[in-house]
Amino acid sequence: MAQKLASDSEFEALLQYIQQSRGMDFRGYKRTSLKRRIALRMEAVNVTQFSEYQANLEADPSEFENLLNTVLINVTSFFRDPEAWDVLKRDVLPELLKKADGQRPIRVWSVGCASGEEPYSIAMLLAEEMGIPDFCRRVKIYATDLDEEALKSARLATYLPREVENVPSPFLDKYFERTNNHYVFERELRKCVIFGRHNIVRDAPISRIDLLICRNLLIYLEAETQAVVLPRLHYALNSEGCLFLGKAETQLARSPLFRPVEMKHRIFTKIAQEPRRHITGRFGMGRDLRIDAPLPSPALLEAALDQGGTAVLIVDEDGAVALANTPARELLGVGPADVGRPFQDLPISYRPMELRGPIEEVFLSRRSIKLEDQEYRLTQNEVLRLTIDVRPLQRPDGSVHAVLLSFTDSTALHVLHRELEAAQENLENTIEELQSANEELETTNEELQSTNEELETTVEELQSTNEELETLNEEARSSNEEMESINEELRVQADQAASYRLYLESVLRSMNGGITVLNQAREIRSWNRWMEKTWGLRNEEVVGINIDRLEIGLPVDALFDGIAEIESNRAEQVEKVLEGMDRRGRPIVCRVVVSGLLSENSEHLGCVLLFQDITEDKP
């Protein structure tokens, strides 16, 4: 296969085409390793020349995904090289937390995170050291990779049983939730891990990092590229930050940038020195400074924008803050000294949300992005809602030389919207209650009318009997008195029956649980007040429909097996625990008990379903 490969010029042309089409710059990778991996894909699609493979990519863009999965070898696992992780846990993390004074935020960066096992591993170790509440309050873990598909998988944080084999059993029970055949990483810890696409060779590094994990990445890079990457890793770390490499990486044994903390397991700390930067303000292999189509005078631009009342930031193509008007400085805490600094170093780059991704997308797509209703917390009690417009500033030739970010305060609109929703909800509840009360009154009125007609009939019969008895002697009068006594008892019993019926209906309405009665055809015959309030369907909307066609926020199809067991007399009672969403969209966990509806002769008449909300009881 190697003898059939085309010249180096065709190979370089292929790399250039990949960079132009997908933004993937492989020029810093070791040529031998890179050619070997591309050759694997060429063999898979049955081509022998680099030029032929480039034509294949042009004809079939889906091949890019297969190529990237082959070149970007996502070999990773939880706690890979356990001894190294043990040293990190025992010797490095306690010292790191001690230096943070118990209050300062902890920032971790996992470079080349692949499908997320590495950042989640360090998250578990830090949560064990700090406790979950303190971890969620103080820790931010930035996890970056070139492979967008791997990042999508990492964000899901869902793994097969074989992928979590290296996770210690106590960690597996504490930080993972078992769902069917998968394990899902703990939700609160997952919120503290921020995934993003990042090229360590080309993109600006994340700064103020306490622990930087870059395992088994440098070994794939050329020596020249390594010389570019190492200063970036050095710049990213705090003055006493630590760098955690893979066991096969020996590049730092004699590096003037780092000194070993534990050489055997490749743990290093930063040696402080004066950083060297290009005149563009970027490290390493920066792009050439563009001087065509210069921006207007900053003073003139600031004077114009200051009068608009909208907070405005401008980020140039080198990732630096080119302009911040007065409203932006007051609202976002951006000072005059921040102009010229890398945008990623400012808190506004990740709070209220991660803005580097949208900025990069605007540079690439040349299209505006609008981010609405973003929460921005000024203090513990003061919260604003911002609408962020990210717009490209283009040169006459159409290329983007800067991005404009405008921050509009939409707090009042948000509050008004919430109040309107609350008022609408209250109105709907009031209407439902009035409708329910009206239906109850109509039912009571019909029952009273029926009772009155029965009483009138009874009176007529008694009058007729009285006329007949009047013709009799003393025995007839005695019988008449007995009949009047019986009539009185009947009236009392009728009143008691009506009272018992109203009492039973009141009990069913006030129960803190739902009751649904099905007939033998599985049609709904009863639907109490709790069911109406929880699922948003009134009694008249569901009575008469088959439970197979019932659409609520609960998977009722999971009850069909239990209903079948009751109908076939294989069980007297079946209990299920179901998870779903109530009518307001809130998660709810219900215990559902299915039992039979029997007549006096034990004849099966249907099923009774009892729903109980156990959301707060579930651990």
# chains A, B, ... in the order shown; residues from 1 in each chain; ligands from 1
$ closest_atom_pairs --of "range 139-203 of chain A" --to "range 215-236 of chain A" --cutoff "10 Å" --atoms "only C-alpha atoms" --output "Markdown table"
| residue | atom | partner | partner_atom | distance |
| --- | --- | --- | --- | --- |
| A:Ile200 | CA | A:Val229 | CA | 6.7 |
| A:Val201 | CA | A:Val229 | CA | 5.8 |
| A:Arg202 | CA | A:Val229 | CA | 9.0 |
| A:Asp203 | CA | A:Arg232 | CA | 9.6 |
$ select_by_dssp --residues "range 88-144 of chain A" --states "strand (DSSP E)" --output "list of chain:residue names"
A:Ile106, A:Arg107, A:Val108, A:Trp109, A:Ser110, A:Val111, A:Val139, A:Lys140, A:Ile141, A:Tyr142, A:Ala143, A:Thr144
$ write_last_selection --atoms "N, CA, C and O atoms" --output "PDB file, in the first residue's frame"
ATOM      1  N   ILE A 106     -11.763  26.994  41.503  1.00  0.00           N
ATOM      2  CA  ILE A 106     -10.793  26.031  40.978  1.00  0.00           C
ATOM      3  C   ILE A 106     -11.098  25.832  39.498  1.00  0.00           C
ATOM      4  O   ILE A 106     -12.228  25.508  39.124  1.00  0.00           O
ATOM      5  N   ARG A 107     -10.070  26.033  38.644  1.00  0.00           N
ATOM      6  CA  ARG A 107     -10.252  25.905  37.198  1.00  0.00           C
ATOM      7  C   ARG A 107      -9.369  24.760  36.682  1.00  0.00           C
ATOM      8  O   ARG A 107      -8.173  24.732  36.939  1.00  0.00           O
ATOM      9  N   VAL A 108     -10.001  23.834  35.967  1.00  0.00           N
ATOM     10  CA  VAL A 108      -9.304  22.669  35.415  1.00  0.00           C
ATOM     11  C   VAL A 108      -9.540  22.651  33.910  1.00  0.00           C
ATOM     12  O   VAL A 108     -10.643  22.958  33.446  1.00  0.00           O
ATOM     13  N   TRP A 109      -8.513  22.279  33.158  1.00  0.00           N
ATOM     14  CA  TRP A 109      -8.629  22.199  31.694  1.00  0.00           C
ATOM     15  C   TRP A 109      -8.163  20.821  31.253  1.00  0.00           C
ATOM     16  O   TRP A 109      -7.019  20.437  31.505  1.00  0.00           O
ATOM     17  N   SER A 110      -9.059  20.075  30.586  1.00  0.00           N
ATOM     18  CA  SER A 110      -8.721  18.770  30.009  1.00  0.00           C
ATOM     19  C   SER A 110      -8.596  18.941  28.504  1.00  0.00           C
ATOM     20  O   SER A 110      -9.594  19.135  27.801  1.00  0.00           O
ATOM     21  N   VAL A 111      -7.361  18.880  27.992  1.00  0.00           N
ATOM     22  CA  VAL A 111      -7.086  19.069  26.563  1.00  0.00           C
ATOM     23  C   VAL A 111      -7.167  17.707  25.879  1.00  0.00           C
ATOM     24  O   VAL A 111      -6.575  16.732  26.339  1.00  0.00           O
ATOM     25  N   VAL A 139     -15.895  24.836  41.361  1.00  0.00           N
ATOM     26  CA  VAL A 139     -15.080  24.188  40.329  1.00  0.00           C
ATOM     27  C   VAL A 139     -15.686  24.406  38.946  1.00  0.00           C
ATOM     28  O   VAL A 139     -16.890  24.300  38.748  1.00  0.00           O
ATOM     29  N   LYS A 140     -14.811  24.738  37.991  1.00  0.00           N
ATOM     30  CA  LYS A 140     -15.143  24.769  36.574  1.00  0.00           C
ATOM     31  C   LYS A 140     -14.118  23.909  35.842  1.00  0.00           C
ATOM     32  O   LYS A 140     -12.914  24.126  35.956  1.00  0.00           O
ATOM     33  N   ILE A 141     -14.609  22.928  35.091  1.00  0.00           N
ATOM     34  CA  ILE A 141     -13.730  22.047  34.314  1.00  0.00           C
ATOM     35  C   ILE A 141     -13.995  22.310  32.835  1.00  0.00           C
ATOM     36  O   ILE A 141     -15.113  22.101  32.347  1.00  0.00           O
ATOM     37  N   TYR A 142     -12.975  22.795  32.131  1.00  0.00           N
ATOM     38  CA  TYR A 142     -13.073  23.044  30.695  1.00  0.00           C
ATOM     39  C   TYR A 142     -12.522  21.820  29.962  1.00  0.00           C
ATOM     40  O   TYR A 142     -11.379  21.414  30.187  1.00  0.00           O
ATOM     41  N   ALA A 143     -13.339  21.211  29.110  1.00  0.00           N
ATOM     42  CA  ALA A 143     -12.944  20.008  28.379  1.00  0.00           C
ATOM     43  C   ALA A 143     -13.036  20.307  26.891  1.00  0.00           C
ATOM     44  O   ALA A 143     -14.115  20.637  26.385  1.00  0.00           O
ATOM     45  N   THR A 144     -11.906  20.206  26.182  1.00  0.00           N
ATOM     46  CA  THR A 144     -11.858  20.606  24.776  1.00  0.00           C
ATOM     47  C   THR A 144     -11.314  19.476  23.919  1.00  0.00           C
ATOM     48  O   THR A 144     -10.549  18.632  24.382  1.00  0.00           O
TER      49      THR A 144
END
$ residues_around --residues "Ile588 in chain A" --least-positions-apart "3" --cutoff "8 Å" --atoms "only C-alpha atoms" --output "list of chain:residue names"
A:Glu579, A:Gly580, A:Met581, A:Asp582, A:Asp613, A:Ile614, A:Thr615
$ write_last_selection --atoms "N, CA and C atoms" --output "short mmCIF file (atom, residue, chain, number, x, y, z; two decimals), in the first residue's frame"
data_model
loop_
_atom_site.label_atom_id
_atom_site.label_comp_id
_atom_site.auth_asym_id
_atom_site.auth_seq_id
_atom_site.Cartn_x
_atom_site.Cartn_y
_atom_site.Cartn_z
N GLU A 579 -42.18 7.44 36.07
CA GLU A 579 -41.67 8.81 36.03
C GLU A 579 -42.24 9.53 34.81
N GLY A 580 -42.56 10.81 34.99
CA GLY A 580 -43.13 11.57 33.89
C GLY A 580 -43.09 13.06 34.17
N MET A 581 -43.94 13.80 33.48
CA MET A 581 -44.01 15.26 33.61
C MET A 581 -45.47 15.63 33.87
N ASP A 582 -45.72 16.53 34.87
CA ASP A 582 -47.09 16.96 35.10
C ASP A 582 -47.48 18.03 34.10
N ASP A 613 -48.26 10.64 44.38
CA ASP A 613 -47.04 11.40 44.06
C ASP A 613 -45.96 11.12 45.11
N ILE A 614 -44.89 10.46 44.66
CA ILE A 614 -43.76 10.15 45.59
C ILE A 614 -42.49 10.83 45.13
N THR A 615 -42.62 11.95 44.40
CA THR A 615 -41.43 12.64 43.87
C THR A 615 -40.48 13.02 44.99
#
$ residues_around --residues "range 406-409 of chain A" --least-positions-apart "2" --cutoff "8 Å" --atoms "only C-alpha atoms" --output "short mmCIF file (atom, residue, chain, number, x, y, z; two decimals) with N, CA and C atoms, in the first residue's frame"
data_model
loop_
_atom_site.label_atom_id
_atom_site.label_comp_id
_atom_site.auth_asym_id
_atom_site.auth_seq_id
_atom_site.Cartn_x
_atom_site.Cartn_y
_atom_site.Cartn_z
N THR A 310 -26.75 51.06 24.85
CA THR A 310 -26.62 49.60 24.81
C THR A 310 -25.18 49.21 25.05
N ALA A 311 -24.95 48.22 25.90
CA ALA A 311 -23.59 47.74 26.17
C ALA A 311 -23.06 47.04 24.93
N VAL A 312 -21.88 47.48 24.45
CA VAL A 312 -21.31 46.96 23.20
C VAL A 312 -19.85 46.59 23.43
N LEU A 313 -19.49 45.38 22.97
CA LEU A 313 -18.10 44.93 22.93
C LEU A 313 -17.76 44.56 21.50
N ALA A 328 -21.05 49.13 28.48
CA ALA A 328 -20.47 47.79 28.64
C ALA A 328 -19.56 47.74 29.86
N LEU A 384 -29.97 40.01 36.37
CA LEU A 384 -30.49 40.64 35.15
C LEU A 384 -30.75 39.56 34.10
N ARG A 385 -31.62 39.89 33.15
CA ARG A 385 -31.85 39.05 31.97
C ARG A 385 -31.36 39.82 30.76
N LEU A 386 -30.45 39.22 30.01
CA LEU A 386 -29.82 39.91 28.88
C LEU A 386 -30.18 39.22 27.57
N THR A 387 -30.34 40.05 26.53
CA THR A 387 -30.41 39.56 25.16
C THR A 387 -29.11 39.94 24.49
N ILE A 388 -28.38 38.93 23.98
CA ILE A 388 -27.04 39.15 23.43
C ILE A 388 -27.10 38.94 21.92
N ASP A 389 -26.76 40.01 21.16
CA ASP A 389 -26.65 39.94 19.71
C ASP A 389 -25.19 39.82 19.33
N VAL A 390 -24.85 38.79 18.56
CA VAL A 390 -23.48 38.59 18.09
C VAL A 390 -23.50 38.79 16.57
N LEU A 404 -19.16 42.10 16.72
CA LEU A 404 -19.77 43.05 17.64
C LEU A 404 -20.76 42.32 18.52
N THR A 411 -34.65 42.49 31.45
CA THR A 411 -35.17 42.04 32.74
C THR A 411 -36.65 42.38 32.91
N ALA A 412 -37.01 43.62 32.58
CA ALA A 412 -38.41 44.05 32.77
C ALA A 412 -39.35 43.21 31.92
#
$ closest_atom_pairs --of "range 332-425 of chain A" --to "range 205-214 of chain A" --cutoff "12 Å" --atoms "only C-alpha atoms" --output "CSV"
residue,atom,partner,partner_atom,distance
A:Arg341,CA,A:Ser207,CA,11.7
A:Pro342,CA,A:Pro205,CA,9.7
A:Phe343,CA,A:Ile206,CA,10.3
A:Gln344,CA,A:Ile206,CA,6.8
A:Asp345,CA,A:Ser207,CA,6.3
A:Leu346,CA,A:Ser207,CA,9.7
A:Pro347,CA,A:Ser207,CA,11.1
A:Ser349,CA,A:Ile206,CA,10.8
A:Tyr350,CA,A:Ile206,CA,11.1
A:Arg356,CA,A:Ile206,CA,10.8
$ write_last_selection --atoms "N, CA, C and O atoms" --output "PDB file, in the first residue's frame"
ATOM      1  N   ARG A 341      -6.899  42.986  25.719  1.00  0.00           N
ATOM      2  CA  ARG A 341      -6.696  41.668  26.315  1.00  0.00           C
ATOM      3  C   ARG A 341      -7.487  40.607  25.540  1.00  0.00           C
ATOM      4  O   ARG A 341      -8.499  40.924  24.901  1.00  0.00           O
ATOM      5  N   PRO A 342      -7.050  39.349  25.597  1.00  0.00           N
ATOM      6  CA  PRO A 342      -7.842  38.282  24.969  1.00  0.00           C
ATOM      7  C   PRO A 342      -9.233  38.219  25.595  1.00  0.00           C
ATOM      8  O   PRO A 342      -9.382  38.264  26.815  1.00  0.00           O
ATOM      9  N   PHE A 343     -10.241  38.130  24.741  1.00  0.00           N
ATOM     10  CA  PHE A 343     -11.620  38.108  25.230  1.00  0.00           C
ATOM     11  C   PHE A 343     -11.861  36.935  26.171  1.00  0.00           C
ATOM     12  O   PHE A 343     -12.624  37.033  27.124  1.00  0.00           O
ATOM     13  N   GLN A 344     -11.212  35.794  25.895  1.00  0.00           N
ATOM     14  CA  GLN A 344     -11.427  34.607  26.713  1.00  0.00           C
ATOM     15  C   GLN A 344     -10.968  34.786  28.150  1.00  0.00           C
ATOM     16  O   GLN A 344     -11.356  34.027  29.038  1.00  0.00           O
ATOM     17  N   ASP A 345     -10.091  35.797  28.412  1.00  0.00           N
ATOM     18  CA  ASP A 345      -9.609  36.023  29.773  1.00  0.00           C
ATOM     19  C   ASP A 345     -10.601  36.808  30.624  1.00  0.00           C
ATOM     20  O   ASP A 345     -10.403  36.940  31.835  1.00  0.00           O
ATOM     21  N   LEU A 346     -11.644  37.352  30.007  1.00  0.00           N
ATOM     22  CA  LEU A 346     -12.616  38.168  30.736  1.00  0.00           C
ATOM     23  C   LEU A 346     -13.756  37.286  31.248  1.00  0.00           C
ATOM     24  O   LEU A 346     -14.170  36.330  30.584  1.00  0.00           O
ATOM     25  N   PRO A 347     -14.288  37.589  32.438  1.00  0.00           N
ATOM     26  CA  PRO A 347     -15.409  36.792  32.960  1.00  0.00           C
ATOM     27  C   PRO A 347     -16.610  36.777  32.028  1.00  0.00           C
ATOM     28  O   PRO A 347     -17.346  35.796  31.987  1.00  0.00           O
ATOM     29  N   SER A 349     -16.717  36.294  29.023  1.00  0.00           N
ATOM     30  CA  SER A 349     -16.572  35.293  27.978  1.00  0.00           C
ATOM     31  C   SER A 349     -17.269  33.991  28.351  1.00  0.00           C
ATOM     32  O   SER A 349     -17.600  33.198  27.469  1.00  0.00           O
ATOM     33  N   TYR A 350     -17.485  33.768  29.651  1.00  0.00           N
ATOM     34  CA  TYR A 350     -18.165  32.540  30.058  1.00  0.00           C
ATOM     35  C   TYR A 350     -19.340  32.790  31.004  1.00  0.00           C
ATOM     36  O   TYR A 350     -19.986  31.847  31.460  1.00  0.00           O
ATOM     37  N   ARG A 356     -17.476  32.087  23.520  1.00  0.00           N
ATOM     38  CA  ARG A 356     -16.438  31.860  22.515  1.00  0.00           C
ATOM     39  C   ARG A 356     -16.965  31.035  21.342  1.00  0.00           C
ATOM     40  O   ARG A 356     -16.621  31.286  20.196  1.00  0.00           O
TER      41      ARG A 356
END
$ residues_around --residues "range 175-192 of chain A" --least-positions-apart "6" --cutoff "8 Å" --atoms "only C-alpha atoms" --output "number ranges by chain"
A: 120, 123-124, 132, 135-136, 139-141, 157-161, 164
$ residues_around --residues "Glu440 in chain A" --least-positions-apart "6" --cutoff "12 Å" --atoms "only C-alpha atoms" --output "JSON, numbers by chain"
{"A": [433, 434, 446, 447, 501, 502, 505, 506, 509, 529]}
$ residues_around --residues "Ala84 in chain A" --least-positions-apart "3" --cutoff "10 Å" --atoms "only C-alpha atoms" --output "list of chain:residue names"
A:Phe79, A:Arg80, A:Asp81, A:Val87, A:Leu88, A:Lys89, A:Arg90, A:Phe244, A:Leu245, A:Gly246, A:Lys247, A:Glu262, A:Lys264, A:His265, A:Arg266, A:Ile267
$ write_last_selection --atoms "N, CA and C atoms" --output "mmCIF file, in the first residue's frame"
data_model
loop_
_atom_site.group_PDB
_atom_site.id
_atom_site.type_symbol
_atom_site.label_atom_id
_atom_site.label_comp_id
_atom_site.auth_asym_id
_atom_site.auth_seq_id
_atom_site.Cartn_x
_atom_site.Cartn_y
_atom_site.Cartn_z
ATOM 1 N N PHE A 79 -10.053 6.951 34.612
ATOM 2 C CA PHE A 79 -8.885 6.678 35.448
ATOM 3 C C PHE A 79 -7.854 5.811 34.706
ATOM 4 N N ARG A 80 -7.560 6.229 33.466
ATOM 5 C CA ARG A 80 -6.553 5.513 32.691
ATOM 6 C C ARG A 80 -5.189 5.660 33.375
ATOM 7 N N ASP A 81 -4.432 4.581 33.499
ATOM 8 C CA ASP A 81 -3.203 4.526 34.304
ATOM 9 C C ASP A 81 -3.550 4.816 35.766
ATOM 10 N N VAL A 87 -1.614 8.988 42.486
ATOM 11 C CA VAL A 87 -0.636 9.996 42.896
ATOM 12 C C VAL A 87 -1.261 11.386 42.825
ATOM 13 N N LEU A 88 -2.023 11.628 41.763
ATOM 14 C CA LEU A 88 -2.698 12.926 41.625
ATOM 15 C C LEU A 88 -3.643 13.171 42.802
ATOM 16 N N LYS A 89 -4.415 12.151 43.176
ATOM 17 C CA LYS A 89 -5.365 12.288 44.278
ATOM 18 C C LYS A 89 -4.651 12.468 45.622
ATOM 19 N N ARG A 90 -3.560 11.710 45.833
ATOM 20 C CA ARG A 90 -2.905 11.700 47.136
ATOM 21 C C ARG A 90 -1.989 12.896 47.361
ATOM 22 N N PHE A 244 -0.527 17.637 33.986
ATOM 23 C CA PHE A 244 -0.620 16.186 34.109
ATOM 24 C C PHE A 244 -0.579 15.591 32.706
ATOM 25 N N LEU A 245 0.555 14.921 32.354
ATOM 26 C CA LEU A 245 0.747 14.348 31.029
ATOM 27 C C LEU A 245 0.573 12.834 31.076
ATOM 28 N N GLY A 246 0.588 12.212 29.861
ATOM 29 C CA GLY A 246 0.533 10.763 29.765
ATOM 30 C C GLY A 246 1.885 10.144 30.026
ATOM 31 N N LYS A 247 1.881 8.862 30.370
ATOM 32 C CA LYS A 247 3.127 8.209 30.776
ATOM 33 C C LYS A 247 4.110 8.052 29.619
ATOM 34 N N GLU A 262 6.300 14.833 40.051
ATOM 35 C CA GLU A 262 6.394 13.376 40.141
ATOM 36 C C GLU A 262 6.703 12.889 38.729
ATOM 37 N N LYS A 264 7.847 10.058 37.434
ATOM 38 C CA LYS A 264 7.419 8.738 36.985
ATOM 39 C C LYS A 264 6.024 8.778 36.365
ATOM 40 N N HIS A 265 5.135 9.583 36.945
ATOM 41 C CA HIS A 265 3.755 9.649 36.447
ATOM 42 C C HIS A 265 3.477 10.953 35.706
ATOM 43 N N ARG A 266 4.552 11.655 35.312
ATOM 44 C CA ARG A 266 4.466 12.822 34.420
ATOM 45 C C ARG A 266 3.568 13.923 34.984
ATOM 46 N N ILE A 267 3.845 14.317 36.228
ATOM 47 C CA ILE A 267 3.141 15.452 36.838
ATOM 48 C C ILE A 267 4.159 16.563 37.041
#
$ atom_distance --atom1 "CA of Val459 in chain A" --atom2 "CA of Thr444 in chain A"
22.4 Å
$ select_by_dssp --residues "range 141-287 of chain A" --states "alpha helix (DSSP H)" --output "number ranges by chain"
A: 148-156, 169-175, 187-190, 223-236
$ write_last_selection --atoms "C-alpha atoms" --output "compact mmCIF listing (two decimals), in the first residue's frame"
# COMPACT_ATOMS: atom_id res chain seq x y z
CA GLU A 148 -17.17 17.52 17.42
CA GLU A 149 -18.78 14.06 17.40
CA ALA A 150 -16.72 13.03 20.43
CA LEU A 151 -17.78 16.24 22.19
CA LYS A 152 -21.45 15.46 21.52
CA SER A 153 -20.97 12.05 23.09
CA ALA A 154 -19.14 13.63 26.07
CA ARG A 155 -21.96 16.08 26.71
CA LEU A 156 -24.45 13.19 26.97
CA SER A 169 -17.43 0.63 42.81
CA PRO A 170 -18.05 3.37 45.45
CA PHE A 171 -17.67 6.05 42.74
CA LEU A 172 -19.93 4.11 40.37
CA ASP A 173 -22.70 3.94 42.98
CA LYS A 174 -22.29 7.56 44.07
CA TYR A 175 -21.70 9.43 40.80
CA ARG A 187 -26.26 15.67 36.75
CA GLU A 188 -25.06 18.34 39.20
CA LEU A 189 -21.38 17.50 38.60
CA ARG A 190 -22.00 17.38 34.86
CA ALA A 223 8.82 18.62 17.57
CA GLU A 224 8.25 22.05 15.99
CA THR A 225 4.55 21.93 16.90
CA GLN A 226 5.36 20.76 20.42
CA ALA A 227 7.57 23.84 20.78
CA VAL A 228 4.48 25.93 19.98
CA VAL A 229 2.08 24.01 22.26
CA LEU A 230 4.25 23.88 25.40
CA PRO A 231 4.43 27.70 25.84
CA ARG A 232 0.64 27.79 25.47
CA LEU A 233 0.23 25.20 28.21
CA HIS A 234 2.70 27.20 30.32
CA TYR A 235 0.72 30.41 29.78
CA ALA A 236 -2.60 28.71 30.62
$ closest_residue --among "A:Gly585, A:His401, A:Leu331, A:Glu454" --to "Arg377 in chain A" --atoms "only C-alpha atoms"
A:Leu331
$ closest_residue --among "A:Leu40, A:Ile431, A:Val577, A:Leu518" --to "Val589 in chain A" --atoms "only C-alpha atoms"
A:Val577
$ closest_atom_pairs --of "range 305-343 of chain A" --to "range 361-370 of chain A" --cutoff "12 Å" --atoms "only C-alpha atoms" --output "Markdown table"
| residue | atom | partner | partner_atom | distance |
| --- | --- | --- | --- | --- |
| A:Val315 | CA | A:Phe363 | CA | 10.5 |
| A:Asp316 | CA | A:Phe363 | CA | 9.9 |
| A:Glu317 | CA | A:Phe363 | CA | 7.9 |
| A:Asp318 | CA | A:Phe363 | CA | 11.0 |
| A:Gly319 | CA | A:Phe363 | CA | 10.7 |
